[in-house]
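Structure file final-v2.tsv (TSV, C-alpha atoms and all ligand atoms) follows.
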```
chain	number	residue	atom	x	y	z
P	1	MET	CA	-22.67	25.18	7.30
P	2	VAL	CA	-19.03	25.02	8.32
P	3	ALA	CA	-16.77	26.38	5.58
P	4	GLN	CA	-14.27	23.98	4.02
P	5	VAL	CA	-10.65	24.92	3.39
P	6	ILE	CA	-9.26	22.65	0.67
P	7	LEU	CA	-5.48	22.32	0.52
P	8	LYS	CA	-3.43	22.13	-2.67
P	9	PRO	CA	-2.20	18.69	-3.75
P	10	LYS	CA	0.72	17.46	-1.61
P	11	ARG	CA	0.33	20.32	0.87
P	12	ASP	CA	-1.28	18.18	3.59
P	13	LYS	CA	1.95	16.69	4.96
P	14	ASN	CA	2.47	19.20	7.76
P	15	ILE	CA	-1.07	18.96	9.02
P	16	ARG	CA	-0.93	15.16	8.93
P	17	ALA	CA	2.20	15.46	11.12
P	18	HIS	CA	0.09	17.61	13.48
P	19	HIS	CA	1.82	20.87	12.73
P	20	PRO	CA	-0.97	23.32	13.59
P	21	TRP	CA	-0.50	26.04	10.94
P	22	VAL	CA	-1.92	26.29	7.41
P	23	PHE	CA	-0.20	29.02	5.37
P	24	SER	CA	-2.14	30.89	2.70
P	25	GLY	CA	0.12	29.42	0.00
P	26	ALA	CA	-1.03	25.88	0.83
P	27	ILE	CA	-4.72	26.64	0.30
P	28	HIS	CA	-6.36	25.68	-3.00
P	29	LYS	CA	-9.84	27.04	-2.30
P	30	VAL	CA	-12.39	27.85	0.34
P	31	ASN	CA	-15.97	26.60	0.09
P	32	GLY	CA	-18.23	29.01	1.96
P	33	LYS	CA	-17.63	32.44	3.43
P	34	PRO	CA	-15.92	32.06	6.80
P	35	GLN	CA	-15.54	35.18	8.95
P	36	LEU	CA	-12.61	36.21	11.14
P	37	GLY	CA	-12.16	33.55	13.82
P	38	ASP	CA	-14.79	31.14	12.48
P	39	THR	CA	-14.10	27.45	12.80
P	40	VAL	CA	-13.40	25.81	9.44
P	41	LEU	CA	-12.99	22.24	8.26
P	42	VAL	CA	-9.59	21.54	6.69
P	43	GLU	CA	-9.44	18.95	3.89
P	44	SER	CA	-6.74	17.51	1.69
P	45	ALA	CA	-6.88	17.91	-2.11
P	46	GLU	CA	-8.35	14.39	-2.21
P	47	GLY	CA	-11.19	15.44	0.08
P	48	GLN	CA	-10.01	13.75	3.25
P	49	VAL	CA	-10.89	15.67	6.42
P	50	LEU	CA	-7.73	16.64	8.33
P	51	GLY	CA	-9.31	18.50	11.21
P	52	MET	CA	-10.78	21.79	12.40
P	53	GLY	CA	-9.12	25.16	12.70
P	54	ALA	CA	-9.67	28.88	13.21
P	55	TRP	CA	-9.93	31.10	10.15
P	56	SER	CA	-7.52	34.08	10.13
P	57	PRO	CA	-7.97	35.67	6.71
P	58	GLU	CA	-5.67	38.64	7.44
P	59	SER	CA	-2.72	36.57	8.56
P	60	GLN	CA	-0.27	34.59	6.43
P	61	ILE	CA	-1.14	31.72	8.73
P	62	GLN	CA	-4.71	31.46	7.55
P	63	VAL	CA	-5.78	28.51	9.66
P	64	ARG	CA	-4.58	27.44	13.09
P	65	MET	CA	-5.72	23.95	13.96
P	66	TRP	CA	-7.85	23.38	17.03
P	67	SER	CA	-8.02	19.68	16.41
P	68	PHE	CA	-6.84	17.01	13.99
P	69	THR	CA	-10.22	15.29	14.12
P	70	VAL	CA	-13.73	16.60	13.66
P	71	CYS	CA	-15.05	17.93	16.95
P	72	GLU	CA	-17.23	20.60	18.54
P	73	LEU	CA	-15.58	23.65	20.05
P	74	ASP	CA	-17.53	23.74	23.27
P	75	GLU	CA	-16.94	23.86	26.99
P	76	ALA	CA	-15.94	20.20	27.07
P	77	PHE	CA	-13.27	20.83	24.43
P	78	PHE	CA	-11.66	23.68	26.39
P	79	HIS	CA	-12.13	21.81	29.64
P	80	ALA	CA	-10.11	18.86	28.32
P	81	LYS	CA	-7.29	21.15	27.14
P	82	VAL	CA	-7.09	23.00	30.46
P	83	ARG	CA	-7.20	19.75	32.42
P	84	ALA	CA	-4.39	18.25	30.34
P	85	ALA	CA	-2.28	21.40	30.68
P	86	LEU	CA	-2.78	21.47	34.44
P	87	ASP	CA	-2.08	17.75	34.86
P	88	TYR	CA	1.18	18.10	32.92
P	89	ARG	CA	2.35	20.92	35.20
P	90	LYS	CA	1.18	19.13	38.35
P	91	ALA	CA	3.12	16.04	37.35
P	92	LEU	CA	6.24	18.22	37.25
P	93	GLY	CA	5.45	19.64	40.70
P	94	ILE	CA	5.27	23.17	39.33
P	95	PRO	CA	2.09	24.48	41.03
P	96	GLU	CA	3.29	22.93	44.30
P	97	ARG	CA	6.44	25.03	44.39
P	98	ASN	CA	5.33	28.09	42.45
P	99	THR	CA	2.37	30.42	42.78
P	100	ALA	CA	3.09	31.71	39.28
P	101	TYR	CA	3.52	29.56	36.20
P	102	ARG	CA	2.46	29.25	32.58
P	103	LEU	CA	-0.66	27.17	32.42
P	104	ILE	CA	-1.44	27.36	28.69
P	105	ASN	CA	1.47	27.64	26.27
P	106	ALA	CA	-0.46	28.21	23.05
P	107	GLU	CA	0.15	25.63	20.27
P	108	SER	CA	2.21	23.46	22.61
P	109	ASP	CA	-0.86	22.96	24.82
P	110	GLY	CA	-3.18	22.52	21.86
P	111	LEU	CA	-4.64	26.03	22.09
P	112	PRO	CA	-3.12	28.18	19.32
P	113	GLY	CA	-3.13	31.90	20.06
P	114	PHE	CA	-3.71	31.52	23.80
P	115	THR	CA	-1.23	32.00	26.58
P	116	VAL	CA	-2.48	31.86	30.14
P	117	ASP	CA	-0.28	32.50	33.15
P	118	VAL	CA	-1.23	31.81	36.74
P	119	VAL	CA	-0.07	34.73	38.89
P	120	GLY	CA	-1.12	34.23	42.50
P	121	ASP	CA	-4.93	34.18	42.64
P	122	TRP	CA	-5.32	35.54	39.14
P	123	LEU	CA	-5.02	34.22	35.62
P	124	ILE	CA	-3.54	36.51	33.00
P	125	MET	CA	-4.49	35.69	29.42
P	126	GLN	CA	-3.20	36.75	26.05
P	127	ALA	CA	-5.46	36.06	23.07
P	128	LEU	CA	-3.26	36.72	20.05
P	129	THR	CA	-5.20	35.33	17.12
P	130	ALA	CA	-8.63	35.60	15.54
P	131	GLY	CA	-9.50	32.13	16.81
P	132	ALA	CA	-8.40	32.94	20.33
P	133	GLU	CA	-10.38	36.20	20.22
P	134	ARG	CA	-13.51	34.24	19.30
P	135	TRP	CA	-13.25	31.78	22.20
P	136	LYS	CA	-11.57	33.80	24.96
P	137	TYR	CA	-14.68	34.18	27.12
P	138	MET	CA	-15.45	30.49	26.95
P	139	LEU	CA	-11.88	29.64	27.93
P	140	ALA	CA	-12.07	32.20	30.74
P	141	ASP	CA	-15.24	30.53	32.07
P	142	VAL	CA	-13.60	27.13	32.04
P	143	LEU	CA	-10.46	28.50	33.71
P	144	LEU	CA	-12.49	30.16	36.43
P	145	THR	CA	-14.20	26.91	37.40
P	146	GLU	CA	-11.17	24.68	36.93
P	147	LEU	CA	-8.58	26.84	38.75
P	148	HIS	CA	-10.80	28.46	41.42
P	149	CYS	CA	-9.06	31.80	40.82
P	150	LYS	CA	-10.33	35.27	41.70
P	151	GLY	CA	-10.38	36.49	38.14
P	152	VAL	CA	-9.19	36.16	34.57
P	153	TYR	CA	-7.54	39.31	33.22
P	154	GLU	CA	-6.62	39.93	29.60
P	155	ARG	CA	-3.30	41.48	28.54
P	156	SER	CA	-3.67	41.30	24.76
P	157	ASP	CA	-1.98	44.70	24.41
P	158	VAL	CA	0.43	43.51	21.75
P	159	GLU	CA	1.13	44.66	18.21
P	160	VAL	CA	0.94	41.15	16.70
P	161	ARG	CA	-2.84	41.34	17.03
P	162	HIS	CA	-2.82	43.79	14.11
P	163	LYS	CA	-1.57	41.00	11.84
P	164	GLU	CA	-4.79	39.18	12.67
P	165	GLY	CA	-7.00	42.19	12.02
P	166	LEU	CA	-7.49	42.72	15.76
P	167	ASP	CA	-6.80	45.72	17.97
P	168	PRO	CA	-4.82	45.41	21.18
P	169	VAL	CA	-7.06	45.07	24.23
P	170	VAL	CA	-6.78	44.78	28.03
P	171	GLY	CA	-9.35	44.23	30.76
P	172	VAL	CA	-11.22	41.85	33.01
P	173	LEU	CA	-12.61	38.80	31.20
P	174	ARG	CA	-14.17	37.15	34.24
P	175	GLY	CA	-14.19	37.72	38.01
P	176	GLU	CA	-12.33	40.53	39.79
P	177	LYS	CA	-9.68	42.87	38.49
P	178	PRO	CA	-6.21	42.04	39.82
P	179	PRO	CA	-4.61	44.47	42.28
P	180	ALA	CA	-1.69	46.71	41.26
P	181	HIS	CA	0.81	44.24	42.71
P	182	ILE	CA	0.72	40.50	43.27
P	183	ASP	CA	3.39	38.82	45.39
P	184	ILE	CA	4.41	35.40	44.12
P	185	VAL	CA	6.67	32.57	45.24
P	186	GLU	CA	9.00	30.91	42.76
P	187	GLU	CA	11.06	27.99	44.06
P	188	GLY	CA	11.35	29.69	47.45
P	189	ARG	CA	12.06	33.14	46.03
P	190	TYR	CA	9.62	36.01	46.51
P	191	TYR	CA	8.76	38.43	43.72
P	192	ARG	CA	6.40	41.37	43.41
P	193	VAL	CA	4.63	41.32	40.04
P	194	ASP	CA	2.70	44.04	38.23
P	195	VAL	CA	0.28	42.16	36.00
P	196	LEU	CA	-1.59	45.32	34.95
P	197	ASN	CA	1.34	47.30	33.52
P	198	GLY	CA	4.33	44.96	33.53
P	199	HIS	CA	5.83	43.43	30.40
P	200	LYS	CA	3.76	40.71	28.73
P	201	THR	CA	1.72	39.15	31.54
P	202	GLY	CA	3.90	40.70	34.25
P	203	PHE	CA	6.78	38.30	34.84
P	204	TYR	CA	9.27	36.31	32.74
P	205	LEU	CA	8.23	32.88	33.94
P	206	ASP	CA	10.22	31.23	31.15
P	207	GLN	CA	13.48	31.95	33.04
P	208	ARG	CA	12.44	30.20	36.27
P	209	ASP	CA	14.69	27.14	35.88
P	210	ASN	CA	17.64	29.29	34.80
P	211	ARG	CA	17.19	31.56	37.82
P	212	SER	CA	17.39	28.43	39.98
P	213	LEU	CA	20.59	27.43	38.18
P	214	LEU	CA	22.14	30.83	38.84
P	215	GLN	CA	21.13	30.56	42.49
P	216	ALA	CA	23.16	27.38	42.79
P	217	TYR	CA	26.32	29.09	41.48
P	218	ALA	CA	25.98	32.36	43.39
P	219	GLN	CA	27.51	31.80	46.85
P	220	ASP	CA	29.77	34.76	47.75
P	221	LYS	CA	29.74	36.06	44.19
P	222	THR	CA	29.26	39.54	42.73
P	223	VAL	CA	26.61	39.52	40.02
P	224	LEU	CA	25.95	41.98	37.20
P	225	ASN	CA	22.40	41.39	35.97
P	226	CYS	CA	21.94	43.08	32.58
P	227	PHE	CA	18.45	43.62	31.14
P	228	SER	CA	17.24	42.77	34.62
P	229	TYR	CA	13.56	43.75	34.32
P	230	THR	CA	12.27	43.29	37.92
P	231	GLY	CA	15.49	41.66	39.09
P	232	GLY	CA	14.54	38.02	38.60
P	233	PHE	CA	18.12	36.77	38.40
P	234	ALA	CA	19.40	39.18	41.08
P	235	ILE	CA	16.92	37.89	43.65
P	236	ALA	CA	17.94	34.32	42.79
P	237	ALA	CA	21.62	35.25	43.15
P	238	LEU	CA	21.11	36.85	46.57
P	239	LYS	CA	19.02	33.88	47.67
P	240	GLY	CA	21.98	31.72	46.69
P	241	GLY	CA	24.30	33.74	48.91
P	242	ALA	CA	25.70	36.29	46.47
P	243	LYS	CA	27.57	39.17	48.09
P	244	GLN	CA	26.08	41.77	45.80
P	245	ALA	CA	23.87	42.06	42.74
P	246	ILE	CA	23.53	44.97	40.32
P	247	ASN	CA	20.46	45.24	38.12
P	248	ILE	CA	20.63	47.29	34.93
P	249	ASP	CA	17.45	48.04	33.03
P	250	ALA	CA	15.90	50.85	31.02
P	251	SER	CA	12.58	50.56	32.88
P	252	GLN	CA	12.34	52.50	36.15
P	253	PRO	CA	9.06	50.83	37.27
P	254	ALA	CA	10.70	47.42	36.77
P	255	LEU	CA	13.69	48.44	38.91
P	256	GLU	CA	11.38	49.71	41.65
P	257	LEU	CA	9.70	46.32	41.78
P	258	ALA	CA	13.14	44.71	42.01
P	259	ALA	CA	13.88	46.77	45.13
P	260	GLN	CA	10.53	45.79	46.64
P	261	SER	CA	11.15	42.12	45.88
P	262	ALA	CA	14.54	42.35	47.62
P	263	GLU	CA	12.71	43.58	50.70
P	264	LEU	CA	10.15	40.77	50.48
P	265	ASN	CA	13.04	38.29	50.62
P	266	GLY	CA	14.60	40.04	53.62
P	267	PHE	CA	17.75	41.21	51.81
P	268	ASN	CA	19.51	44.42	52.85
P	269	ALA	CA	19.11	47.38	50.52
P	270	GLU	CA	22.92	47.57	50.08
P	271	GLN	CA	23.00	44.08	48.61
P	272	MET	CA	21.16	45.20	45.49
P	273	ASP	CA	21.88	48.14	43.23
P	274	ASN	CA	19.26	49.14	40.68
P	275	ILE	CA	20.57	51.21	37.83
P	276	ASN	CA	18.39	52.78	35.18
P	277	ALA	CA	20.65	52.84	32.14
P	278	ASP	CA	21.24	51.59	28.62
P	279	VAL	CA	23.10	48.30	28.97
P	280	PHE	CA	25.13	48.89	25.79
P	281	LYS	CA	26.46	52.17	27.19
P	282	LEU	CA	26.93	51.22	30.81
P	283	LEU	CA	28.86	48.04	30.01
P	284	ARG	CA	31.31	50.13	27.95
P	285	GLN	CA	31.71	52.52	30.86
P	286	TYR	CA	32.35	49.63	33.27
P	287	ARG	CA	34.88	48.17	30.82
P	288	ASP	CA	36.71	51.51	30.64
P	289	GLU	CA	36.71	51.71	34.44
P	290	GLY	CA	38.17	48.19	34.62
P	291	ARG	CA	35.33	46.82	36.73
P	292	GLN	CA	35.12	43.04	37.20
P	293	PHE	CA	32.37	40.68	38.31
P	294	ASP	CA	32.14	36.99	39.20
P	295	ILE	CA	28.91	36.47	37.25
P	296	VAL	CA	27.41	38.45	34.38
P	297	VAL	CA	23.84	37.80	33.19
P	298	LEU	CA	22.77	38.92	29.71
P	299	ASP	CA	19.05	38.47	29.07
P	300	PRO	CA	18.20	41.01	26.38
P	301	PRO	CA	14.80	41.50	24.77
P	302	LYS	CA	14.06	39.87	21.41
P	303	PHE	CA	16.57	41.44	19.00
P	304	ALA	CA	15.11	39.76	15.89
P	305	GLU	CA	11.37	40.05	15.16
P	306	ASN	CA	11.80	38.85	11.57
P	307	LYS	CA	14.43	37.33	9.27
P	308	ASN	CA	15.55	40.74	7.98
P	309	GLN	CA	16.60	41.73	11.48
P	310	LEU	CA	18.74	38.64	12.08
P	311	GLU	CA	22.03	40.18	11.03
P	312	LYS	CA	21.53	43.26	13.15
P	313	ALA	CA	20.47	41.02	16.03
P	314	ALA	CA	23.66	38.98	15.64
P	315	ARG	CA	25.72	42.15	15.94
P	316	GLY	CA	23.81	43.13	19.08
P	317	TYR	CA	24.43	39.74	20.71
P	318	LYS	CA	28.09	39.82	19.71
P	319	ASP	CA	28.50	43.29	21.20
P	320	ILE	CA	27.03	42.57	24.62
P	321	ASN	CA	28.64	39.13	24.92
P	322	LEU	CA	32.04	40.58	24.12
P	323	LEU	CA	31.55	43.21	26.81
P	324	GLY	CA	30.20	40.54	29.16
P	325	PHE	CA	33.34	38.40	28.81
P	326	LYS	CA	35.54	41.44	29.37
P	327	LEU	CA	33.75	42.32	32.61
P	328	LEU	CA	34.24	38.83	34.04
P	329	ARG	CA	37.02	37.89	36.41
P	330	PRO	CA	39.12	34.89	35.32
P	331	ASN	CA	36.94	31.76	35.77
P	332	GLY	CA	33.87	33.97	36.09
P	333	LEU	CA	30.52	32.81	34.68
P	334	LEU	CA	28.54	34.32	31.83
P	335	PHE	CA	24.82	33.49	31.79
P	336	THR	CA	23.87	34.53	28.28
P	337	PHE	CA	20.49	34.22	26.57
P	338	SER	CA	18.61	34.77	23.35
P	339	CYS	CA	14.82	34.75	23.31
P	340	SER	CA	14.58	35.30	19.56
P	341	GLY	CA	12.99	32.20	18.11
P	342	LEU	CA	14.57	32.99	14.74
P	343	MET	CA	18.07	32.83	16.22
P	344	ASP	CA	18.82	29.12	16.32
P	345	SER	CA	20.93	27.59	19.08
P	346	ASN	CA	23.93	26.85	16.86
P	347	LEU	CA	24.12	30.37	15.49
P	348	PHE	CA	23.76	31.82	18.97
P	349	GLN	CA	26.56	29.61	20.26
P	350	LYS	CA	28.75	30.68	17.35
P	351	ILE	CA	28.16	34.35	18.13
P	352	VAL	CA	29.07	33.80	21.78
P	353	ALA	CA	32.20	31.90	20.68
P	354	ASP	CA	33.21	34.80	18.41
P	355	ALA	CA	32.64	37.22	21.27
P	356	ALA	CA	34.95	35.17	23.51
P	357	VAL	CA	37.69	35.20	20.86
P	358	ASP	CA	37.39	38.96	20.47
P	359	ALA	CA	37.48	39.38	24.24
P	360	GLY	CA	40.75	37.46	24.25
P	361	CYS	CA	39.57	34.50	26.27
P	362	GLU	CA	39.05	30.77	25.65
P	363	GLY	CA	35.81	30.24	27.49
P	364	ARG	CA	33.97	26.96	27.82
P	365	ILE	CA	30.34	25.98	27.95
P	366	ILE	CA	29.51	24.42	31.25
P	367	ARG	CA	25.80	24.14	30.62
P	368	LYS	CA	23.09	24.82	28.06
P	369	MET	CA	19.79	26.31	29.11
P	370	ASP	CA	16.20	26.36	27.81
P	371	GLN	CA	12.81	27.82	28.53
P	372	ALA	CA	11.25	26.46	31.73
P	373	THR	CA	9.29	23.21	31.62
P	374	ASP	CA	5.92	24.97	31.86
P	375	HIS	CA	6.78	26.36	28.39
P	376	PRO	CA	7.00	23.00	26.61
P	377	THR	CA	7.61	22.58	22.89
P	378	ARG	CA	5.53	20.05	20.98
P	379	LEU	CA	7.70	17.93	18.73
P	380	ALA	CA	5.35	18.68	15.86
P	381	PHE	CA	5.73	22.41	16.52
P	382	PRO	CA	9.42	23.34	16.79
P	383	GLU	CA	8.49	27.03	16.42
P	384	GLY	CA	7.45	26.86	20.07
P	385	TYR	CA	11.10	26.70	21.10
P	386	TYR	CA	12.60	30.17	21.49
P	387	LEU	CA	14.64	30.65	24.67
P	388	LYS	CA	18.16	29.32	24.72
P	389	GLY	CA	21.09	30.16	26.92
P	390	LEU	CA	24.63	29.19	27.75
P	391	ILE	CA	26.55	29.23	30.97
P	392	CYS	CA	30.10	29.93	29.89
P	393	GLN	CA	33.13	29.99	32.12
P	394	LYS	CA	35.75	32.56	31.21
B	1	LIG	N1	15.94	38.86	32.92
B	1	LIG	C1	14.60	39.36	33.14
B	1	LIG	C2	13.84	39.57	31.84
B	1	LIG	C3	14.49	40.53	30.85
B	1	LIG	S1	13.41	41.17	29.64
B	1	LIG	C4	13.88	38.44	34.10
B	1	LIG	O1	14.38	37.34	34.44
B	1	LIG	O2	12.79	38.80	34.55
B	1	LIG	C5	14.36	42.37	28.86
B	1	LIG	C6	14.54	43.68	29.62
B	1	LIG	O3	15.48	44.48	28.90
B	1	LIG	C7	13.31	44.55	29.77
B	1	LIG	O4	13.07	44.76	31.13
B	1	LIG	C8	13.65	45.90	29.09
B	1	LIG	O5	13.19	47.02	29.82
B	1	LIG	C9	15.15	45.86	29.10
B	1	LIG	N2	15.87	46.60	28.04
B	1	LIG	C10	15.67	46.57	26.71
B	1	LIG	N3	16.63	47.26	26.06
B	1	LIG	C11	17.47	47.76	27.01
B	1	LIG	C12	18.66	48.54	26.98
B	1	LIG	N4	19.19	48.92	25.83
B	1	LIG	N5	19.24	48.85	28.15
B	1	LIG	C13	18.71	48.44	29.32
B	1	LIG	N6	17.61	47.67	29.41
B	1	LIG	C14	16.98	47.35	28.28
```
Could you write out this structure as structure tokens?
Ligand code: SAH
Amino acid sequence: MVAQVILKPKRDKNIRAHHPWVFSGAIHKVNGKPQLGDTVLVESAEGQVLGMGAWSPESQIQVRMWSFTVCELDEAFFHAKVRAALDYRKALGIPERNTAYRLINAESDGLPGFTVDVVGDWLIMQALTAGAERWKYMLADVLLTELHCKGVYERSDVEVRHKEGLDPVVGVLRGEKPPAHIDIVEEGRYYRVDVLNGHKTGFYLDQRDNRSLLQAYAQDKTVLNCFSYTGGFAIAALKGGAKQAINIDASQPALELAAQSAELNGFNAEQMDNINADVFKLLRQYRDEGRQFDIVVLDPPKFAENKNQLEKAARGYKDINLLGFKLLRPNGLLFTFSCSGLMDSNLFQKIVADAAVDAGCEGRIIRKMDQATDHPTRLAFPEGYYLKGLICQK
């Protein structure tokens, strides 16, 4: 018998609007004894069936909806989701021009808890929730047949799994283990990716479109790429004809991959500097030395993991953006980002505006940026939107 999760009166609105999360506070009672990751039936207080979801008793989000109708979770179900996700990306021409892209973007592709990235001949999966944990092998089987890849590798080595009562885990799900390095092509740019030990699934695919934007502005420019990771923006800048690019990151392995990617693209070693340093400190040093650049990129890690950290995050953004403006030549361009979902676009823009004032410059926005189109946001699930950026001219 499938357990039933009965919502409190008037708490069915979100689910009816196809928002996929049921918070514990919305639940009136549970009929049956569902276990971690079991599929449950969700019903309104009046007894109307609203759909099926995965039971996550340890999380505040106790049910994540698989479907807003009654259905079987079987191969056909996952097949349809994968097919739809692939068709969407094919329609945008993404797989044609990129050997790495996000294939499954969790809730926004109808598969809560799952992210799957294509990286060359491999698929890299994160299963972040109890429901995803339950079905990850079935999804891996479907992916293997649908994508004709060499293997599906899991990189669920993330702390958020603890919130679901799950331990972090990595390893082969199906097929062969990926090699230490995979070389990918992104819009004509070559990158070396470490899917085994790199951040997340190895590469920040969400910045693809913004790297292409930078490329278009880079001719003859000097570029300071802060929080560079493996030099994504620096490679794009050099591809666009930049004179020189400097990567700053705290991860030495990431910087080594940046140097290798430069070689893959045929750039001279002198065109790219890779500096292992704390951005906050090095930018101050550069300011004191009076150094100036044509383009500064600021793509820091998530500063706010929860609401309590928002104020501190705001100070962090203000600090680096102020330094960024100072290090720009007149008319120079600041590419500035926030990947904290909790930091909304308006607040971020306000922080950048404050930073410009404090840096003693006017500044204007010449473009707003978003996460790449293979990271779509479902209208019913605005939480899926997290990456925003501004190109500001000094
Ligand atoms: N722009 C990159 C992604 C950046 S991810 C791309 O397009 O691929 C954020 C990076 O910031 C990580 O590589 C992390 O190592 C680095 N980082 C975090 N805190 C840092 C600090 N204080 N100083 C330097 N690098 C830092």
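Of the listed residues P:Asp206, P:Asp87, P:Asp374, P:Glu176, the one whose atoms come nearest to ligand LIG 1 (chain B) is P:Asp206, with distances taken using all atoms listed in the file.
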Within 7 Å of ligand LIG 1 (chain B), counting all atoms listed in the file, which protein or nucleic acid residues do you find, written as a PyMOL selection string? chain P and resi 203-204+207+227-233+248-251+254+277-280+299-301
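Around Phe293 of chain P, within 10 Å and counting all atoms listed in the file, the residues found are Lys221, Thr222, Val223, Leu224, Gln244, Ala245, Val296, Gly324, Phe325, Lys326, Leu327, Leu328, Arg329, Pro330, Gly332, Leu333 and Leu334 of chain P, once anything fewer than 3 positions away on its own chain is removed.
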Keeping only C-alpha atoms, write those residues as a compact mmCIF listing (two decimals), keeping the file's coordinate frame.
```txt
# COMPACT_ATOMS: atom_id res chain seq x y z
CA LYS P 221 29.74 36.06 44.19
CA THR P 222 29.26 39.54 42.73
CA VAL P 223 26.61 39.52 40.02
CA LEU P 224 25.95 41.98 37.20
CA GLN P 244 26.08 41.77 45.80
CA ALA P 245 23.87 42.06 42.74
CA VAL P 296 27.41 38.45 34.38
CA GLY P 324 30.20 40.54 29.16
CA PHE P 325 33.34 38.40 28.81
CA LYS P 326 35.54 41.44 29.37
CA LEU P 327 33.75 42.32 32.61
CA LEU P 328 34.24 38.83 34.04
CA ARG P 329 37.02 37.89 36.41
CA PRO P 330 39.12 34.89 35.32
CA GLY P 332 33.87 33.97 36.09
CA LEU P 333 30.52 32.81 34.68
CA LEU P 334 28.54 34.32 31.83
```
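Proximity ranking of P:Val116, P:Met125, P:Ala106, P:Val5 relative to Ala26 of chain P places P:Val5 first, based on all atoms listed in the file.
Counting all atoms listed in the file, the residue from P:Gln60, P:Gln219, P:Asn308, P:Ser156 that sits nearest to Gly241 of chain P is P:Gln219.
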Give me the box for segment 326-345 of chain P as lines of an AutoDock Vina configuration file, namely the centre and edge lengths in Å to one decimal of a box along x, y and z that holds every listed atom plus 5 Å on each side.
```
center_x = 26.1
center_y = 35.0
center_z = 25.6
size_x = 36.1
size_y = 24.7
size_z = 31.7
```
Please produce segment 333-348 of chain P, completed to N, CA and C atoms, as a PDB file, in the coordinates of the input.
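Below is the file that was written, result.pdb:
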```pdb
ATOM      1  N   LEU P 333      31.564  33.479  35.467  1.00  0.00           N
ATOM      2  CA  LEU P 333      30.520  32.810  34.680  1.00  0.00           C
ATOM      3  C   LEU P 333      29.648  33.814  33.936  1.00  0.00           C
ATOM      4  N   LEU P 334      29.448  33.523  32.654  1.00  0.00           N
ATOM      5  CA  LEU P 334      28.540  34.320  31.830  1.00  0.00           C
ATOM      6  C   LEU P 334      27.252  33.521  31.634  1.00  0.00           C
ATOM      7  N   PHE P 335      26.137  34.081  32.079  1.00  0.00           N
ATOM      8  CA  PHE P 335      24.820  33.490  31.790  1.00  0.00           C
ATOM      9  C   PHE P 335      24.239  34.300  30.644  1.00  0.00           C
ATOM     10  N   THR P 336      24.269  33.725  29.443  1.00  0.00           N
ATOM     11  CA  THR P 336      23.870  34.530  28.280  1.00  0.00           C
ATOM     12  C   THR P 336      22.704  33.890  27.535  1.00  0.00           C
ATOM     13  N   PHE P 337      21.745  34.728  27.137  1.00  0.00           N
ATOM     14  CA  PHE P 337      20.490  34.220  26.570  1.00  0.00           C
ATOM     15  C   PHE P 337      20.129  34.889  25.258  1.00  0.00           C
ATOM     16  N   SER P 338      19.317  34.162  24.481  1.00  0.00           N
ATOM     17  CA  SER P 338      18.610  34.770  23.350  1.00  0.00           C
ATOM     18  C   SER P 338      17.177  34.255  23.383  1.00  0.00           C
ATOM     19  N   CYS P 339      16.227  35.175  23.336  1.00  0.00           N
ATOM     20  CA  CYS P 339      14.820  34.750  23.310  1.00  0.00           C
ATOM     21  C   CYS P 339      14.219  34.964  21.931  1.00  0.00           C
ATOM     22  N   SER P 340      15.087  35.176  20.928  1.00  0.00           N
ATOM     23  CA  SER P 340      14.580  35.300  19.560  1.00  0.00           C
ATOM     24  C   SER P 340      14.432  33.913  18.961  1.00  0.00           C
ATOM     25  N   GLY P 341      13.222  33.520  18.671  1.00  0.00           N
ATOM     26  CA  GLY P 341      12.990  32.200  18.110  1.00  0.00           C
ATOM     27  C   GLY P 341      13.719  31.999  16.790  1.00  0.00           C
ATOM     28  N   LEU P 342      13.926  33.090  16.058  1.00  0.00           N
ATOM     29  CA  LEU P 342      14.570  32.990  14.740  1.00  0.00           C
ATOM     30  C   LEU P 342      16.069  32.725  14.852  1.00  0.00           C
ATOM     31  N   MET P 343      16.635  33.052  15.995  1.00  0.00           N
ATOM     32  CA  MET P 343      18.070  32.830  16.220  1.00  0.00           C
ATOM     33  C   MET P 343      18.239  31.404  16.709  1.00  0.00           C
ATOM     34  N   ASP P 344      18.759  30.508  15.861  1.00  0.00           N
ATOM     35  CA  ASP P 344      18.820  29.120  16.320  1.00  0.00           C
ATOM     36  C   ASP P 344      20.015  28.906  17.252  1.00  0.00           C
ATOM     37  N   SER P 345      19.948  27.826  18.010  1.00  0.00           N
ATOM     38  CA  SER P 345      20.930  27.590  19.080  1.00  0.00           C
ATOM     39  C   SER P 345      22.351  27.579  18.553  1.00  0.00           C
ATOM     40  N   ASN P 346      22.555  26.953  17.379  1.00  0.00           N
ATOM     41  CA  ASN P 346      23.930  26.850  16.860  1.00  0.00           C
ATOM     42  C   ASN P 346      24.482  28.211  16.491  1.00  0.00           C
ATOM     43  N   LEU P 347      23.664  29.031  15.870  1.00  0.00           N
ATOM     44  CA  LEU P 347      24.120  30.370  15.490  1.00  0.00           C
ATOM     45  C   LEU P 347      24.416  31.188  16.748  1.00  0.00           C
ATOM     46  N   PHE P 348      23.543  31.072  17.730  1.00  0.00           N
ATOM     47  CA  PHE P 348      23.760  31.820  18.970  1.00  0.00           C
ATOM     48  C   PHE P 348      25.088  31.412  19.617  1.00  0.00           C
TER      49      PHE P 348
END
```
